[in-house]
$ cat target06.txt   # compact mmCIF, N, CA and C atoms
# COMPACT_ATOMS: atom_id res chain seq x y z
N MET A 1 10.02 -13.38 -11.81
CA MET A 1 9.07 -12.46 -11.22
C MET A 1 9.42 -12.15 -9.77
N TRP A 2 9.84 -13.15 -9.01
CA TRP A 2 10.17 -12.91 -7.60
C TRP A 2 11.29 -11.90 -7.45
N THR A 3 12.26 -11.92 -8.38
CA THR A 3 13.36 -10.97 -8.29
C THR A 3 12.84 -9.55 -8.40
N LEU A 4 11.98 -9.29 -9.35
CA LEU A 4 11.40 -7.96 -9.53
C LEU A 4 10.61 -7.55 -8.29
N GLN A 5 9.87 -8.48 -7.71
CA GLN A 5 9.11 -8.17 -6.50
C GLN A 5 10.03 -7.83 -5.34
N ARG A 6 11.13 -8.56 -5.19
CA ARG A 6 12.08 -8.27 -4.12
C ARG A 6 12.74 -6.92 -4.31
N VAL A 7 13.11 -6.61 -5.54
CA VAL A 7 13.70 -5.29 -5.83
C VAL A 7 12.70 -4.20 -5.50
N PHE A 8 11.45 -4.39 -5.88
CA PHE A 8 10.39 -3.44 -5.59
C PHE A 8 10.30 -3.19 -4.09
N LEU A 9 10.22 -4.26 -3.31
CA LEU A 9 10.10 -4.11 -1.86
C LEU A 9 11.36 -3.51 -1.25
N ASN A 10 12.52 -3.98 -1.66
CA ASN A 10 13.77 -3.45 -1.09
C ASN A 10 13.94 -1.97 -1.38
N ASN A 11 13.60 -1.55 -2.57
CA ASN A 11 13.74 -0.13 -2.91
C ASN A 11 12.74 0.73 -2.18
N MET A 12 11.58 0.21 -1.88
CA MET A 12 10.55 1.01 -1.24
C MET A 12 10.78 1.14 0.26
N ILE A 13 11.44 0.18 0.88
CA ILE A 13 11.59 0.20 2.33
C ILE A 13 12.57 1.26 2.81
N ASN A 14 13.62 1.56 2.06
CA ASN A 14 14.61 2.55 2.50
C ASN A 14 13.95 3.91 2.62
N LYS A 15 14.09 4.56 3.78
CA LYS A 15 13.38 5.81 4.05
C LYS A 15 14.28 7.04 4.05
N GLU A 16 15.56 6.89 3.82
CA GLU A 16 16.49 8.01 3.91
C GLU A 16 16.63 8.67 2.53
N TYR A 17 15.66 9.49 2.17
CA TYR A 17 15.65 10.10 0.86
C TYR A 17 15.55 11.61 0.94
N SER A 18 16.28 12.27 0.04
CA SER A 18 16.11 13.70 -0.15
C SER A 18 14.87 13.91 -1.02
N ARG A 19 14.49 15.16 -1.22
CA ARG A 19 13.33 15.46 -2.08
C ARG A 19 13.54 14.92 -3.49
N GLN A 20 14.73 15.11 -4.04
CA GLN A 20 15.03 14.59 -5.38
C GLN A 20 14.97 13.07 -5.40
N ASP A 21 15.49 12.45 -4.34
CA ASP A 21 15.43 10.99 -4.26
C ASP A 21 13.99 10.51 -4.21
N MET A 22 13.14 11.22 -3.48
CA MET A 22 11.73 10.82 -3.39
C MET A 22 11.03 10.93 -4.74
N ILE A 23 11.36 11.96 -5.51
CA ILE A 23 10.78 12.10 -6.85
C ILE A 23 11.20 10.90 -7.70
N ARG A 24 12.48 10.56 -7.64
CA ARG A 24 12.99 9.42 -8.41
C ARG A 24 12.37 8.12 -7.90
N LYS A 25 12.28 7.95 -6.57
CA LYS A 25 11.69 6.73 -6.01
C LYS A 25 10.22 6.59 -6.38
N ASN A 26 9.51 7.72 -6.40
CA ASN A 26 8.10 7.67 -6.78
C ASN A 26 7.95 7.23 -8.23
N GLN A 27 8.84 7.71 -9.11
CA GLN A 27 8.81 7.29 -10.51
C GLN A 27 9.11 5.79 -10.61
N GLU A 28 10.08 5.33 -9.83
CA GLU A 28 10.40 3.91 -9.81
C GLU A 28 9.21 3.09 -9.31
N PHE A 29 8.54 3.62 -8.27
CA PHE A 29 7.35 2.95 -7.73
C PHE A 29 6.32 2.76 -8.84
N ARG A 30 6.06 3.81 -9.59
CA ARG A 30 5.07 3.74 -10.68
C ARG A 30 5.49 2.72 -11.74
N GLU A 31 6.75 2.80 -12.16
CA GLU A 31 7.24 1.90 -13.20
C GLU A 31 7.18 0.44 -12.75
N LYS A 32 7.61 0.19 -11.52
CA LYS A 32 7.63 -1.19 -11.02
C LYS A 32 6.24 -1.72 -10.76
N PHE A 33 5.34 -0.85 -10.30
CA PHE A 33 3.95 -1.27 -10.11
C PHE A 33 3.38 -1.75 -11.44
N LEU A 34 3.59 -0.98 -12.50
CA LEU A 34 3.05 -1.37 -13.80
C LEU A 34 3.76 -2.59 -14.36
N ALA A 35 5.06 -2.73 -14.06
CA ALA A 35 5.79 -3.91 -14.53
C ALA A 35 5.30 -5.17 -13.81
N LEU A 36 4.95 -5.04 -12.53
CA LEU A 36 4.46 -6.19 -11.76
C LEU A 36 3.02 -6.55 -12.11
N THR A 37 2.26 -5.56 -12.53
CA THR A 37 0.86 -5.80 -12.85
C THR A 37 0.70 -5.75 -14.37
N SER A 38 0.17 -4.70 -14.87
CA SER A 38 0.08 -4.45 -16.31
C SER A 38 -0.34 -3.00 -16.49
N GLU A 39 -0.16 -2.50 -17.67
CA GLU A 39 -0.47 -1.10 -17.93
C GLU A 39 -1.90 -0.95 -18.44
N THR A 40 -2.84 -1.46 -17.64
CA THR A 40 -4.24 -1.32 -17.99
C THR A 40 -4.70 0.09 -17.63
N GLU A 41 -5.83 0.47 -18.17
CA GLU A 41 -6.40 1.79 -17.86
C GLU A 41 -6.65 1.93 -16.36
N GLU A 42 -7.14 0.84 -15.73
CA GLU A 42 -7.42 0.88 -14.30
C GLU A 42 -6.15 1.09 -13.47
N ASN A 43 -5.07 0.41 -13.84
CA ASN A 43 -3.82 0.54 -13.10
C ASN A 43 -3.20 1.92 -13.30
N VAL A 44 -3.22 2.42 -14.52
CA VAL A 44 -2.68 3.76 -14.79
C VAL A 44 -3.50 4.80 -14.04
N ASN A 45 -4.82 4.68 -14.05
CA ASN A 45 -5.69 5.61 -13.33
C ASN A 45 -5.43 5.53 -11.83
N CYS A 46 -5.22 4.33 -11.32
CA CYS A 46 -4.91 4.13 -9.91
C CYS A 46 -3.69 4.96 -9.52
N LEU A 47 -2.66 4.92 -10.34
CA LEU A 47 -1.41 5.63 -10.04
C LEU A 47 -1.55 7.15 -10.11
N LYS A 48 -2.60 7.63 -10.76
CA LYS A 48 -2.84 9.08 -10.78
C LYS A 48 -3.22 9.58 -9.38
N HIS A 49 -3.69 8.69 -8.54
CA HIS A 49 -4.18 9.06 -7.21
C HIS A 49 -3.27 8.59 -6.08
N LEU A 50 -2.23 7.83 -6.40
CA LEU A 50 -1.34 7.29 -5.38
C LEU A 50 0.09 7.75 -5.62
N GLU A 51 0.86 7.73 -4.55
CA GLU A 51 2.29 8.01 -4.66
C GLU A 51 3.00 7.31 -3.52
N TYR A 52 4.29 7.12 -3.70
CA TYR A 52 5.11 6.63 -2.61
C TYR A 52 5.77 7.86 -2.03
N GLY A 53 5.56 8.12 -0.76
CA GLY A 53 6.10 9.34 -0.21
C GLY A 53 6.30 9.30 1.28
N LYS A 54 6.88 10.37 1.78
CA LYS A 54 7.13 10.54 3.21
C LYS A 54 5.97 11.27 3.84
N LEU A 55 5.76 11.00 5.11
CA LEU A 55 4.80 11.78 5.88
C LEU A 55 5.24 11.75 7.33
N THR A 56 4.83 12.77 8.04
CA THR A 56 5.21 12.89 9.44
C THR A 56 4.10 12.34 10.32
N ASP A 57 4.48 11.41 11.17
CA ASP A 57 3.56 10.86 12.15
C ASP A 57 3.79 11.64 13.44
N SER A 58 2.93 12.65 13.66
CA SER A 58 3.13 13.53 14.81
C SER A 58 2.93 12.80 16.14
N GLU A 59 2.06 11.81 16.17
CA GLU A 59 1.84 11.04 17.40
C GLU A 59 3.08 10.25 17.79
N ALA A 60 3.71 9.62 16.80
CA ALA A 60 4.90 8.81 17.09
C ALA A 60 6.18 9.65 16.99
N GLU A 61 6.04 10.91 16.58
CA GLU A 61 7.17 11.82 16.43
C GLU A 61 8.26 11.23 15.53
N ARG A 62 7.83 10.81 14.34
CA ARG A 62 8.79 10.27 13.39
C ARG A 62 8.29 10.46 11.97
N VAL A 63 9.21 10.35 11.04
CA VAL A 63 8.86 10.42 9.62
C VAL A 63 8.78 9.00 9.10
N THR A 64 7.69 8.69 8.41
CA THR A 64 7.52 7.38 7.82
C THR A 64 7.35 7.55 6.31
N SER A 65 7.31 6.46 5.62
CA SER A 65 7.06 6.50 4.19
C SER A 65 6.20 5.32 3.82
N GLY A 66 5.52 5.45 2.70
CA GLY A 66 4.68 4.36 2.23
C GLY A 66 3.84 4.80 1.06
N VAL A 67 3.02 3.87 0.60
CA VAL A 67 2.10 4.18 -0.49
C VAL A 67 0.95 4.97 0.12
N LYS A 68 0.69 6.14 -0.46
CA LYS A 68 -0.29 7.04 0.13
C LYS A 68 -1.11 7.72 -0.96
N ILE A 69 -2.15 8.42 -0.53
CA ILE A 69 -2.96 9.22 -1.44
C ILE A 69 -2.11 10.40 -1.88
N LYS A 70 -2.06 10.64 -3.16
CA LYS A 70 -1.22 11.69 -3.71
C LYS A 70 -1.57 13.05 -3.11
N GLY A 71 -0.54 13.72 -2.58
CA GLY A 71 -0.71 15.05 -2.02
C GLY A 71 -1.34 15.11 -0.65
N LYS A 72 -1.59 13.96 -0.04
CA LYS A 72 -2.21 13.92 1.28
C LYS A 72 -1.42 12.98 2.18
N ASP A 73 -1.52 13.21 3.47
CA ASP A 73 -0.87 12.33 4.45
C ASP A 73 -1.81 11.20 4.86
N ILE A 74 -2.34 10.50 3.86
CA ILE A 74 -3.21 9.35 4.11
C ILE A 74 -2.55 8.13 3.49
N VAL A 75 -2.05 7.25 4.36
CA VAL A 75 -1.36 6.05 3.89
C VAL A 75 -2.39 4.96 3.61
N ILE A 76 -2.19 4.24 2.52
CA ILE A 76 -3.14 3.20 2.11
C ILE A 76 -3.27 2.13 3.21
N SER A 77 -2.17 1.82 3.89
CA SER A 77 -2.26 0.82 4.95
C SER A 77 -3.20 1.28 6.06
N GLU A 78 -3.28 2.59 6.31
CA GLU A 78 -4.20 3.10 7.33
C GLU A 78 -5.65 3.00 6.88
N ILE A 79 -5.89 3.19 5.59
CA ILE A 79 -7.25 3.01 5.06
C ILE A 79 -7.66 1.55 5.23
N MET A 80 -6.75 0.64 4.88
CA MET A 80 -7.06 -0.78 5.03
C MET A 80 -7.23 -1.15 6.50
N ASN A 81 -6.42 -0.54 7.36
CA ASN A 81 -6.56 -0.80 8.79
C ASN A 81 -7.93 -0.37 9.27
N ALA A 82 -8.42 0.76 8.77
CA ALA A 82 -9.77 1.21 9.13
C ALA A 82 -10.82 0.23 8.60
N MET A 83 -10.57 -0.35 7.42
CA MET A 83 -11.51 -1.31 6.86
C MET A 83 -11.59 -2.57 7.72
N GLU A 84 -10.51 -2.86 8.45
CA GLU A 84 -10.53 -4.02 9.34
C GLU A 84 -11.60 -3.87 10.41
N ASP A 85 -11.98 -2.64 10.71
CA ASP A 85 -13.02 -2.41 11.72
C ASP A 85 -14.42 -2.75 11.20
N ILE A 86 -14.55 -2.95 9.90
CA ILE A 86 -15.83 -3.37 9.34
C ILE A 86 -15.95 -4.87 9.61
N GLU A 87 -16.77 -5.22 10.58
CA GLU A 87 -16.85 -6.60 11.05
C GLU A 87 -17.58 -7.54 10.09
N TYR A 88 -18.48 -6.97 9.31
CA TYR A 88 -19.29 -7.79 8.43
C TYR A 88 -18.93 -7.52 6.98
N VAL A 89 -19.06 -8.55 6.16
CA VAL A 89 -18.75 -8.41 4.74
C VAL A 89 -19.66 -7.33 4.16
N PRO A 90 -19.07 -6.27 3.58
CA PRO A 90 -19.90 -5.21 2.98
C PRO A 90 -20.78 -5.78 1.86
N GLU A 91 -21.95 -5.21 1.73
CA GLU A 91 -22.94 -5.74 0.78
C GLU A 91 -22.40 -5.87 -0.65
N PRO A 92 -21.68 -4.87 -1.19
CA PRO A 92 -21.17 -5.05 -2.57
C PRO A 92 -20.20 -6.24 -2.69
N VAL A 93 -19.41 -6.49 -1.66
CA VAL A 93 -18.50 -7.64 -1.67
C VAL A 93 -19.31 -8.93 -1.55
N LYS A 94 -20.32 -8.91 -0.70
CA LYS A 94 -21.18 -10.08 -0.50
C LYS A 94 -21.89 -10.47 -1.81
N GLU A 95 -22.22 -9.48 -2.63
CA GLU A 95 -22.85 -9.77 -3.92
C GLU A 95 -21.91 -10.55 -4.83
N TYR A 96 -20.63 -10.22 -4.80
CA TYR A 96 -19.63 -10.94 -5.61
C TYR A 96 -19.32 -12.30 -5.03
N TYR A 97 -19.23 -12.36 -3.70
CA TYR A 97 -18.81 -13.58 -3.01
C TYR A 97 -19.81 -13.92 -1.90
N PRO A 98 -20.95 -14.48 -2.27
CA PRO A 98 -22.00 -14.75 -1.28
C PRO A 98 -21.58 -15.73 -0.19
N ASP A 99 -20.59 -16.58 -0.46
CA ASP A 99 -20.16 -17.56 0.54
C ASP A 99 -19.06 -17.04 1.46
N LEU A 100 -18.60 -15.82 1.26
CA LEU A 100 -17.53 -15.25 2.08
C LEU A 100 -18.06 -14.98 3.49
N THR A 101 -17.37 -15.54 4.47
CA THR A 101 -17.81 -15.34 5.85
C THR A 101 -17.20 -14.05 6.41
N ASN A 102 -17.75 -13.59 7.52
CA ASN A 102 -17.22 -12.40 8.18
C ASN A 102 -15.77 -12.63 8.63
N GLU A 103 -15.48 -13.83 9.12
CA GLU A 103 -14.13 -14.15 9.56
C GLU A 103 -13.15 -14.13 8.38
N GLU A 104 -13.59 -14.63 7.24
CA GLU A 104 -12.74 -14.61 6.04
C GLU A 104 -12.52 -13.19 5.56
N TRP A 105 -13.55 -12.35 5.63
CA TRP A 105 -13.42 -10.93 5.29
C TRP A 105 -12.38 -10.27 6.19
N GLN A 106 -12.47 -10.53 7.48
CA GLN A 106 -11.52 -9.95 8.43
C GLN A 106 -10.10 -10.44 8.16
N ALA A 107 -9.95 -11.70 7.81
CA ALA A 107 -8.63 -12.23 7.48
C ALA A 107 -8.07 -11.57 6.23
N ALA A 108 -8.91 -11.37 5.23
CA ALA A 108 -8.46 -10.75 3.98
C ALA A 108 -8.04 -9.30 4.19
N THR A 109 -8.82 -8.54 4.94
CA THR A 109 -8.45 -7.14 5.16
C THR A 109 -7.19 -7.04 6.01
N ARG A 110 -7.03 -7.94 6.98
CA ARG A 110 -5.82 -7.93 7.80
C ARG A 110 -4.60 -8.24 6.94
N PHE A 111 -4.72 -9.23 6.07
CA PHE A 111 -3.61 -9.62 5.21
C PHE A 111 -3.15 -8.45 4.33
N VAL A 112 -4.10 -7.76 3.73
CA VAL A 112 -3.76 -6.63 2.87
C VAL A 112 -3.09 -5.53 3.69
N THR A 113 -3.58 -5.26 4.87
CA THR A 113 -2.96 -4.26 5.74
C THR A 113 -1.51 -4.62 6.03
N VAL A 114 -1.26 -5.86 6.40
CA VAL A 114 0.10 -6.29 6.72
C VAL A 114 1.00 -6.20 5.50
N MET A 115 0.50 -6.59 4.33
CA MET A 115 1.32 -6.50 3.12
C MET A 115 1.69 -5.06 2.81
N LEU A 116 0.76 -4.14 3.00
CA LEU A 116 1.07 -2.73 2.78
C LEU A 116 2.07 -2.22 3.81
N LEU A 117 1.96 -2.67 5.03
CA LEU A 117 2.94 -2.30 6.05
C LEU A 117 4.32 -2.84 5.72
N LEU A 118 4.38 -4.02 5.11
CA LEU A 118 5.67 -4.56 4.68
C LEU A 118 6.33 -3.65 3.64
N ILE A 119 5.55 -3.14 2.72
CA ILE A 119 6.09 -2.24 1.70
C ILE A 119 6.65 -0.97 2.34
N SER A 120 5.98 -0.51 3.37
CA SER A 120 6.43 0.74 4.01
C SER A 120 7.56 0.50 4.99
N GLY A 121 7.89 -0.76 5.26
CA GLY A 121 8.96 -1.07 6.19
C GLY A 121 8.53 -1.06 7.62
N GLU A 122 7.23 -1.03 7.88
CA GLU A 122 6.72 -0.98 9.25
C GLU A 122 6.71 -2.35 9.93
N VAL A 123 6.72 -3.41 9.14
CA VAL A 123 6.65 -4.77 9.69
C VAL A 123 7.86 -5.55 9.20
N PHE A 124 8.46 -6.28 10.09
CA PHE A 124 9.60 -7.11 9.72
C PHE A 124 9.27 -8.56 10.03
N LEU A 125 9.62 -9.45 9.10
CA LEU A 125 9.27 -10.85 9.26
C LEU A 125 10.21 -11.59 10.19
N PHE A 126 11.42 -11.06 10.40
CA PHE A 126 12.36 -11.72 11.29
C PHE A 126 13.27 -10.71 11.92
$ encode --input "target06.txt" --output "structure tokens"
Amino acid sequence: MWTLQRVFLNNMINKEYSRQDMIRKNQEFREKFLALTSETEENVNCLKHLEYGKLTDSEAERVTSGVKIKGKDIVISEIMNAMEDIEYVPEPVKEYYPDLTNEEWQAATRFVTVMLLLISGEVFLF
């Protein structure tokens, strides 16, 4: 399993793609996502709304890539980063996990943000 995960991450981090390469990479993203998880209705439906793609960061004056909302320049890591600003455990989450502290919520949202940034190649471990 680790080999498949490493291939998934290594293939997603490279950002030098033509339009045809991005189409192929997006298909690979979908296939590998389902191979790593499972082909449940929820996962297939999830992929109808997501894609791996390029977007222009006008503030940083660069092109980046990552898992994003299909057809939009909204990267999932940015959504999770915004969720980090929610200081308190949201009520629906609290209903599932009544013992979850605010600090644990903040740790969990930060972890997911960093993992998504790793996929996009924005964070390097060494």
$ axis_aligned_box --input "target06.txt" --around "stretch 76-93 of chain A" --padding-each-side "5 Å" --output "AutoDock Vina command-line options"
--center_x -12.6 --center_y -2.3 --center_z 4.5 --size_x 30.8 --size_y 23.2 --size_z 24.4
$ residues_around --input "target06.txt" --residues "stretch 103-107 of chain A" --least-positions-apart "2" --cutoff "6.5 Å" --atoms "all atoms listed in the file" --output "VMD selection string"
chain A and resid 84 87 89 100 to 101 109 to 112
$ residues_near_point --input "target06.txt" --point "(7.6, 7.3, 2.1)" --cutoff "6 Å" --atoms "all atoms listed in the file" --output "PyMOL selection string"
chain A and resi 52-55+64-67
$ write_last_selection --input "target06.txt" --atoms "N, CA and C atoms" --output "mmCIF file, in the frame of the given file"
data_model
loop_
_atom_site.group_PDB
_atom_site.id
_atom_site.type_symbol
_atom_site.label_atom_id
_atom_site.label_comp_id
_atom_site.auth_asym_id
_atom_site.auth_seq_id
_atom_site.Cartn_x
_atom_site.Cartn_y
_atom_site.Cartn_z
ATOM 1 N N TYR A 52 4.290 7.120 -3.700
ATOM 2 C CA TYR A 52 5.110 6.630 -2.610
ATOM 3 C C TYR A 52 5.770 7.860 -2.030
ATOM 4 N N GLY A 53 5.560 8.120 -0.760
ATOM 5 C CA GLY A 53 6.100 9.340 -0.210
ATOM 6 C C GLY A 53 6.300 9.300 1.280
ATOM 7 N N LYS A 54 6.880 10.370 1.780
ATOM 8 C CA LYS A 54 7.130 10.540 3.210
ATOM 9 C C LYS A 54 5.970 11.270 3.840
ATOM 10 N N LEU A 55 5.760 11.000 5.110
ATOM 11 C CA LEU A 55 4.800 11.780 5.880
ATOM 12 C C LEU A 55 5.240 11.750 7.330
ATOM 13 N N THR A 64 7.690 8.690 8.410
ATOM 14 C CA THR A 64 7.520 7.380 7.820
ATOM 15 C C THR A 64 7.350 7.550 6.310
ATOM 16 N N SER A 65 7.310 6.460 5.620
ATOM 17 C CA SER A 65 7.060 6.500 4.190
ATOM 18 C C SER A 65 6.200 5.320 3.820
ATOM 19 N N GLY A 66 5.520 5.450 2.700
ATOM 20 C CA GLY A 66 4.680 4.360 2.230
ATOM 21 C C GLY A 66 3.840 4.800 1.060
ATOM 22 N N VAL A 67 3.020 3.870 0.600
ATOM 23 C CA VAL A 67 2.100 4.180 -0.490
ATOM 24 C C VAL A 67 0.950 4.970 0.120
#
$ atom_distance --input "target06.txt" --atom1 "atom CA of A:Gln27" --atom2 "atom CA of A:Glu51"
8.8 Å
$ atom_distance --input "target06.txt" --atom1 "atom CA of A:Glu91" --atom2 "atom CA of A:Ile119"
29.3 Å
$ atom_distance --input "target06.txt" --atom1 "atom CA of A:Thr56" --atom2 "atom CA of A:Lys70"
14.7 Å
$ closest_residue --input "target06.txt" --among "A:Val114, A:Val44, A:Met22, A:Ala35" --to "A:Met80" --atoms "only N, CA and C atoms"
A:Val114
$ residues_near_point --input "target06.txt" --point "(0.4, 2.3, 3.1)" --cutoff "7 Å" --atoms "all atoms listed in the file" --output "list in words"
Ser65, Gly66, Val67, Lys68, Ile74, Val75, Ile76, Ser77, Glu78, Ile79, Leu116, Leu117 and Ser120 of chain A
$ closest_residue --input "target06.txt" --among "A:Lys72, A:Arg30, A:Thr113, A:Met83" --to "A:Leu47" --atoms "all atoms listed in the file"
A:Arg30
$ select_by_dssp --input "target06.txt" --residues "stretch 46-101 of chain A" --states "strand (DSSP E or B)" --output "number ranges by chain"
A: 50-57, 62-69, 75
